[in-house]
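Below is start-v2.csv, which holds CSV, C-alpha atoms.
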```
chain,number,residue,atom,x,y,z
A,15,MET,CA,68.7,-32.7,-45.5
A,16,MET,CA,65.7,-34.8,-44.4
A,17,LYS,CA,65.5,-32.9,-41.1
A,18,GLN,CA,65.5,-29.6,-42.8
A,19,VAL,CA,62.5,-30.6,-44.9
A,20,GLN,CA,60.5,-32.0,-42.0
A,21,PHE,CA,60.8,-28.9,-39.8
A,22,PRO,CA,58.9,-26.5,-42.1
A,23,TYR,CA,56.1,-29.0,-42.5
A,24,LEU,CA,55.9,-29.3,-38.7
A,25,LEU,CA,55.5,-25.6,-38.4
A,26,LEU,CA,52.9,-25.5,-41.1
A,27,PHE,CA,50.9,-28.3,-39.3
A,28,ILE,CA,51.0,-26.4,-36.0
A,29,PHE,CA,49.9,-23.2,-37.6
A,30,PHE,CA,47.0,-25.0,-39.4
A,31,LEU,CA,45.9,-26.6,-36.1
A,32,HIS,CA,45.9,-23.3,-34.3
A,33,CYS,CA,43.8,-21.6,-37.0
A,34,THR,CA,41.3,-24.4,-37.0
A,35,THR,CA,40.9,-24.3,-33.2
A,36,THR,CA,40.6,-20.5,-33.1
A,37,SER,CA,38.0,-20.6,-35.9
A,38,ALA,CA,35.9,-23.2,-34.1
A,39,GLN,CA,36.0,-21.1,-30.8
A,40,SER,CA,34.9,-18.0,-32.6
A,41,GLN,CA,31.9,-19.7,-34.2
A,42,ALA,CA,30.7,-21.3,-30.9
A,43,PRO,CA,27.5,-19.7,-29.6
A,44,THR,CA,27.8,-17.7,-26.4
A,45,PRO,CA,25.9,-19.5,-23.6
A,46,SER,CA,23.1,-17.5,-22.2
A,47,GLY,CA,20.9,-18.7,-19.3
A,48,PRO,CA,17.3,-17.8,-18.7
A,49,VAL,CA,16.5,-14.5,-16.9
A,50,ASN,CA,16.1,-14.9,-13.2
A,51,ILE,CA,14.8,-11.9,-11.3
A,52,THR,CA,15.9,-13.2,-7.8
A,53,GLY,CA,19.3,-14.0,-9.2
A,54,ILE,CA,19.6,-10.4,-10.5
A,55,LEU,CA,18.6,-8.9,-7.1
A,56,GLU,CA,20.8,-11.3,-5.2
A,57,LYS,CA,23.8,-10.3,-7.3
A,58,ALA,CA,23.0,-6.6,-6.7
A,59,GLY,CA,22.7,-7.1,-2.9
A,60,GLN,CA,20.6,-5.2,-0.3
A,61,PHE,CA,17.3,-6.6,-1.6
A,62,SER,CA,16.7,-9.6,0.7
A,63,THR,CA,13.3,-8.5,1.9
A,64,PHE,CA,12.0,-7.9,-1.6
A,65,ILE,CA,13.4,-11.3,-2.7
A,66,ARG,CA,11.5,-13.0,0.1
A,67,LEU,CA,8.3,-11.3,-0.9
A,68,LEU,CA,8.8,-12.3,-4.6
A,69,ARG,CA,9.3,-15.9,-3.6
A,70,SER,CA,6.6,-16.2,-1.0
A,71,THR,CA,4.0,-14.7,-3.3
A,72,GLN,CA,5.3,-16.8,-6.3
A,73,GLU,CA,5.6,-13.6,-8.3
A,74,ALA,CA,9.3,-14.4,-9.0
A,75,ASP,CA,8.2,-17.6,-10.9
A,76,GLN,CA,5.6,-15.6,-12.9
A,77,ILE,CA,8.2,-12.9,-13.8
A,78,ASN,CA,10.7,-15.5,-14.9
A,79,THR,CA,8.2,-17.4,-17.0
A,80,GLN,CA,6.9,-14.2,-18.6
A,81,LEU,CA,10.3,-13.0,-19.5
A,82,ASN,CA,11.6,-16.3,-20.9
A,83,ASN,CA,8.5,-17.3,-22.8
A,84,SER,CA,7.1,-14.1,-24.3
A,85,ASN,CA,8.3,-10.9,-25.8
A,86,GLN,CA,6.4,-8.7,-23.3
A,87,GLY,CA,8.7,-6.5,-21.4
A,88,LEU,CA,8.6,-5.6,-17.7
A,89,THR,CA,9.8,-2.8,-15.5
A,90,ILE,CA,10.4,-3.5,-11.8
A,91,PHE,CA,10.9,-1.0,-9.0
A,92,ALA,CA,12.9,-2.8,-6.3
A,93,PRO,CA,12.9,-1.3,-2.8
A,94,THR,CA,16.0,-1.8,-0.7
A,95,ASP,CA,16.2,-3.4,2.7
A,96,ASN,CA,16.5,0.0,4.2
A,97,ALA,CA,13.3,1.1,2.5
A,98,PHE,CA,11.5,-1.8,4.1
A,99,SER,CA,13.0,-1.0,7.5
A,100,ASN,CA,11.5,2.5,7.3
A,101,LEU,CA,8.0,0.9,7.4
A,102,LYS,CA,6.2,0.8,10.7
A,103,SER,CA,7.0,-2.3,12.7
A,104,GLY,CA,4.8,-5.2,11.8
A,105,THR,CA,3.5,-3.7,8.6
A,106,LEU,CA,4.2,-6.6,6.4
A,107,ASN,CA,3.0,-9.2,8.9
A,108,SER,CA,-0.3,-7.3,9.2
A,109,LEU,CA,-1.1,-7.8,5.5
A,110,THR,CA,-3.2,-10.6,4.1
A,111,ASP,CA,-1.7,-13.0,1.5
A,112,GLU,CA,-3.7,-11.2,-1.2
A,113,GLN,CA,-2.4,-7.8,-0.1
A,114,LYS,CA,1.2,-9.0,-0.2
A,115,VAL,CA,0.6,-10.2,-3.8
A,116,GLN,CA,-0.9,-6.8,-4.6
A,117,LEU,CA,2.0,-5.0,-3.0
A,118,VAL,CA,4.6,-6.9,-5.0
A,119,GLN,CA,2.5,-6.5,-8.2
A,120,PHE,CA,2.3,-2.7,-7.6
A,121,HIS,CA,6.1,-2.6,-8.1
A,122,ILE,CA,5.9,-4.1,-11.5
A,123,LEU,CA,4.9,-2.4,-14.8
A,124,PRO,CA,3.8,-4.7,-17.6
A,125,SER,CA,5.9,-2.9,-20.1
A,126,PHE,CA,9.6,-2.1,-20.6
A,127,PHE,CA,10.6,1.5,-19.7
A,128,SER,CA,14.0,3.0,-20.0
A,129,ILE,CA,15.0,6.0,-17.9
A,130,SER,CA,14.6,8.3,-20.9
A,131,GLN,CA,11.1,6.9,-21.7
A,132,PHE,CA,9.8,8.0,-18.3
A,133,GLN,CA,10.0,11.6,-19.5
A,134,THR,CA,7.1,11.1,-21.9
A,135,VAL,CA,4.9,8.6,-20.1
A,136,SER,CA,1.2,9.3,-19.5
A,137,ASN,CA,0.2,9.1,-15.9
A,138,PRO,CA,-1.1,7.3,-14.0
A,139,LEU,CA,0.8,4.2,-15.1
A,140,ARG,CA,-0.8,0.8,-15.0
A,141,THR,CA,0.8,-1.8,-12.7
A,142,GLN,CA,0.3,-5.5,-12.5
A,143,ALA,CA,-1.7,-4.9,-9.3
A,144,GLY,CA,-4.6,-3.6,-11.4
A,145,ASN,CA,-5.9,-0.7,-13.4
A,146,SER,CA,-5.4,2.7,-11.9
A,147,ASP,CA,-8.6,4.2,-13.3
A,148,ASN,CA,-10.5,3.3,-10.1
A,149,GLY,CA,-8.1,5.3,-8.0
A,150,GLN,CA,-6.9,2.3,-5.9
A,151,PHE,CA,-3.5,1.7,-7.6
A,152,PRO,CA,-2.4,5.0,-9.1
A,153,LEU,CA,1.3,5.2,-9.9
A,154,ASN,CA,2.7,8.5,-11.3
A,155,VAL,CA,6.2,8.8,-12.6
A,156,THR,CA,7.8,12.2,-13.2
A,157,THR,CA,11.2,13.4,-14.1
A,158,SER,CA,13.3,16.4,-13.1
A,159,GLY,CA,16.6,16.4,-15.1
A,160,ASN,CA,18.1,13.0,-14.5
A,161,GLN,CA,16.0,12.3,-11.5
A,162,VAL,CA,13.0,10.0,-11.7
A,163,ASN,CA,10.3,10.3,-9.0
A,164,VAL,CA,7.5,7.8,-8.3
A,165,THR,CA,4.4,8.9,-6.4
A,166,THR,CA,1.6,6.6,-5.2
A,167,GLY,CA,-0.7,9.0,-3.3
A,168,VAL,CA,0.7,7.6,0.0
A,169,VAL,CA,4.5,7.9,-0.5
A,170,ASP,CA,7.0,9.7,-2.8
A,171,ALA,CA,10.0,7.6,-3.9
A,172,THR,CA,13.1,8.3,-6.0
A,173,VAL,CA,14.8,6.0,-8.5
A,174,ALA,CA,18.3,5.8,-7.0
A,175,ASN,CA,20.0,3.4,-9.4
A,176,THR,CA,19.6,1.1,-12.4
A,177,ILE,CA,20.2,-2.5,-11.3
A,178,TYR,CA,19.7,-4.3,-14.6
A,179,THR,CA,18.5,-3.5,-18.0
A,180,ASN,CA,18.3,-5.3,-21.4
A,181,SER,CA,15.8,-5.0,-24.3
A,182,GLN,CA,13.1,-6.7,-22.3
A,183,LEU,CA,13.6,-6.1,-18.6
A,184,ALA,CA,14.5,-3.0,-16.5
A,185,VAL,CA,15.0,-3.2,-12.8
A,186,TYR,CA,15.4,0.1,-10.9
A,187,GLN,CA,16.3,0.6,-7.2
A,188,VAL,CA,13.9,2.8,-5.3
A,189,ASP,CA,14.4,4.3,-1.8
A,190,GLN,CA,10.9,3.8,-0.6
A,191,VAL,CA,8.4,0.9,-0.6
A,192,LEU,CA,5.7,1.9,-3.1
A,193,ARG,CA,2.5,1.7,-0.9
A,194,PRO,CA,-0.7,1.8,-2.9
A,195,LEU,CA,-3.8,3.6,-1.7
A,196,ALA,CA,-5.9,0.4,-1.8
A,197,ILE,CA,-3.8,-1.0,1.0
A,198,PHE,CA,-2.2,1.9,2.8
A,199,GLY,CA,-4.6,4.7,2.1
A,200,THR,CA,-5.6,7.0,4.9
A,201,PRO,CA,-9.0,5.9,6.2
A,202,THR,CA,-11.8,8.4,5.8
A,203,ALA,CA,-12.3,10.5,8.9
A,204,ALA,CA,-15.5,9.7,10.9
A,205,PRO,CA,-18.2,12.3,10.5
A,206,ALA,CA,-18.6,14.7,13.4
A,207,PRO,CA,-21.6,14.0,15.7
A,208,ALA,CA,-24.7,16.0,14.9
A,209,PRO,CA,-25.4,18.8,17.4
A,210,SER,CA,-27.9,17.9,20.1
A,211,SER,CA,-31.4,19.0,19.4
A,212,SER,CA,-32.4,19.0,23.1
A,213,LYS,CA,-33.3,22.4,24.5
A,214,PRO,CA,-32.4,23.6,28.0
A,215,GLU,CA,-34.8,22.5,30.7
A,216,LYS,CA,-37.4,25.1,31.5
A,217,ARG,CA,-38.0,25.6,35.2
A,218,ILE,CA,-41.7,24.9,35.9
A,219,SER,CA,-43.5,27.2,38.3
A,220,GLY,CA,-46.1,26.0,40.8
A,221,SER,CA,-49.0,27.2,38.7
A,222,ASP,CA,-47.7,25.3,35.6
A,223,ALA,CA,-46.7,22.1,37.4
A,224,PRO,CA,-48.4,19.0,36.2
A,225,SER,CA,-50.6,16.8,38.3
A,226,GLY,CA,-48.7,14.6,40.7
A,227,SER,CA,-45.7,17.0,41.0
A,228,SER,CA,-44.2,18.1,44.3
A,229,ASP,CA,-46.1,21.4,44.0
A,230,ASP,CA,-49.4,19.6,44.3
A,231,ALA,CA,-48.7,19.2,48.1
A,232,SER,CA,-48.7,22.9,48.7
A,233,VAL,CA,-51.8,23.4,46.6
A,234,ASN,CA,-53.7,20.7,48.4
A,235,THR,CA,-52.6,22.1,51.8
A,236,SER,CA,-54.0,25.5,51.0
A,237,GLU,CA,-57.2,23.9,49.8
A,238,ALA,CA,-57.6,22.2,53.2
A,239,THR,CA,-57.9,25.5,55.0
A,240,ALA,CA,-60.0,27.2,52.4
A,241,PRO,CA,-63.5,28.4,53.7
A,242,ASN,CA,-65.4,26.1,51.5
A,243,HIS,CA,-63.7,23.0,52.8
A,244,PRO,CA,-66.1,20.6,54.5
A,245,ALA,CA,-64.2,20.5,57.8
A,246,THR,CA,-64.2,24.3,58.0
A,247,ALA,CA,-68.0,24.3,57.5
A,248,ALA,CA,-68.6,21.8,60.3
A,249,ILE,CA,-66.6,23.9,62.8
A,250,SER,CA,-68.5,27.0,61.9
A,251,ILE,CA,-71.9,25.3,62.5
A,252,GLY,CA,-70.7,24.0,65.9
A,253,VAL,CA,-69.7,27.5,67.0
A,254,ALA,CA,-73.1,28.9,65.9
A,255,VAL,CA,-75.1,26.3,67.9
A,256,SER,CA,-73.0,26.9,71.0
A,257,ALA,CA,-73.6,30.6,70.8
A,258,ALA,CA,-77.4,30.1,70.4
A,259,PHE,CA,-77.6,27.8,73.4
A,260,CYS,CA,-75.8,30.3,75.6
A,261,PHE,CA,-78.2,33.0,74.5
A,262,LEU,CA,-81.2,31.0,75.5
A,263,LEU,CA,-79.8,30.5,79.0
```

Target format structure tokens, applied to this file:
Amino acid sequence: MMKQVQFPYLLLFIFFLHCTTTSAQSQAPTPSGPVNITGILEKAGQFSTFIRLLRSTQEADQINTQLNNSNQGLTIFAPTDNAFSNLKSGTLNSLTDEQKVQLVQFHILPSFFSISQFQTVSNPLRTQAGNSDNGQFPLNVTTSGNQVNVTTGVVDATVANTIYTNSQLAVYQVDQVLRPLAIFGTPTAAPAPAPSSSKPEKRISGSDAPSGSSDDASVNTSEATAPNHPATAAISIGVAVSAAFCFLL
């Protein structure tokens, strides 16, 4: 009889213990770590070049700090490794440290934009690289159906995929490196040389030749045999004297 009484109590105790444990588990807060942009890109894969740029320019730390310490949202366009491989060889190495920072910042919008919000944005959009009003960092986003296109004035890119999104951060994969005009703009063509103002050389005749020219020699030679020349006059006098002497004889 004693055993029959204890068994129901044992079942009741086990049931109570199970309910208490389940209730405690359901009330425990779900752990959530800080947002880490490089961790998001590493998990997605194929963004190693962009990750290196984010770290070398220290933009990754600034993004993480901003997302975890403020309510300001961000939108990031992340070029794939294939997008970077399409650049001319040595392009990134030719940039200064300041230009590398500007290149990374040009891929970041200081506001959160969902895909649907791109349909109603006012272009050009402002990036963290600077205001687009001066024409150096214009970024225009247009949509065609479900396709989102990004234009910089140097390159046209397409949003190929949504890598990550929450209420504060949106990370989109783009198939081209977004190159701003301020760094990759086509240099202004050099002006064409002005037409020469020199006129064709005019052939100078002997009568128009200036003093000291080669034509002076012919002029001087003719003057030497002219009748009024002193040497000619002396010869004429000598001939006249000889003729008079012969007449007297």

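Here CA of Ser99 in chain A and CA of Leu55 in chain A stand 17.5 Å from one another.
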
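Relative to CA of Ser128 in chain A, CA of Thr179 in chain A is found at 8.2 Å.
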
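Across the model, the gap from CA of Ala58 in chain A to CA of Gln80 in chain A is 21.4 Å.
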
task = Please identify all polymer residues within 8 Å of Gln187 in chain A, counting all atoms listed in the file, omitting same-chain residues fewer than 5 positions from it, and present them as a VMD selection string.
result = chain A and resid 91 to 94 173 to 177

Taking a cut-off of 9 Å and counting only C-alpha atoms, can you build a table that, for each residue of range 175-200 of chain A near range 161-170 of chain A, reports the nearest atom pair and how far apart they are in Å (one decimal), sorted by chain then residue number, as a tab-separated table?
```
residue	atom	partner	partner_atom	distance
A:Val188	CA	A:Val164	CA	8.7
A:Gln190	CA	A:Asp170	CA	7.4
A:Val191	CA	A:Val169	CA	8.0
A:Leu192	CA	A:Thr166	CA	6.6
A:Arg193	CA	A:Val168	CA	6.2
A:Pro194	CA	A:Thr166	CA	5.8
A:Leu195	CA	A:Val168	CA	6.3
A:Phe198	CA	A:Val168	CA	7.0
A:Gly199	CA	A:Val168	CA	6.4
A:Thr200	CA	A:Val168	CA	8.0
```

Go ahead and dump the residues you just picked, C-alpha atoms, as a PDB file, in the frame of the given file.
```pdb
ATOM      1  CA  VAL A 188      13.900   2.800  -5.300  1.00  0.00           C
ATOM      2  CA  GLN A 190      10.900   3.800  -0.600  1.00  0.00           C
ATOM      3  CA  VAL A 191       8.400   0.900  -0.600  1.00  0.00           C
ATOM      4  CA  LEU A 192       5.700   1.900  -3.100  1.00  0.00           C
ATOM      5  CA  ARG A 193       2.500   1.700  -0.900  1.00  0.00           C
ATOM      6  CA  PRO A 194      -0.700   1.800  -2.900  1.00  0.00           C
ATOM      7  CA  LEU A 195      -3.800   3.600  -1.700  1.00  0.00           C
ATOM      8  CA  PHE A 198      -2.200   1.900   2.800  1.00  0.00           C
ATOM      9  CA  GLY A 199      -4.600   4.700   2.100  1.00  0.00           C
ATOM     10  CA  THR A 200      -5.600   7.000   4.900  1.00  0.00           C
TER      11      THR A 200
END
```

message = Around (-5.6, -8.0, -10.6), as given in the file, which residues come within 9 Å? Count only C-alpha atoms and list them as a PyMOL selection string.
response = chain A and resi 116+119+142-145

key: Test item: residues at most 12 Å from Ile65 in chain A, only C-alpha atoms, excluding those fewer than 2 positions along its chain, as a list in words   = Asn50, Ile51, Thr52, Gly53, Ile54, Leu55, Glu56, Lys57, Ala58, Gly59, Gln60, Phe61, Ser62, Thr63, Leu67, Leu68, Arg69, Ser70, Thr71, Gln72, Glu73, Ala74, Asp75, Ala92, Pro93, Thr94, Asp95, Phe98 and Val118 of chain A

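Among the candidates A:Thr172, A:Gln133, A:Thr156, A:Gln150, the one nearest to Ile197 in chain A when counting all atoms listed in the file is A:Gln150.
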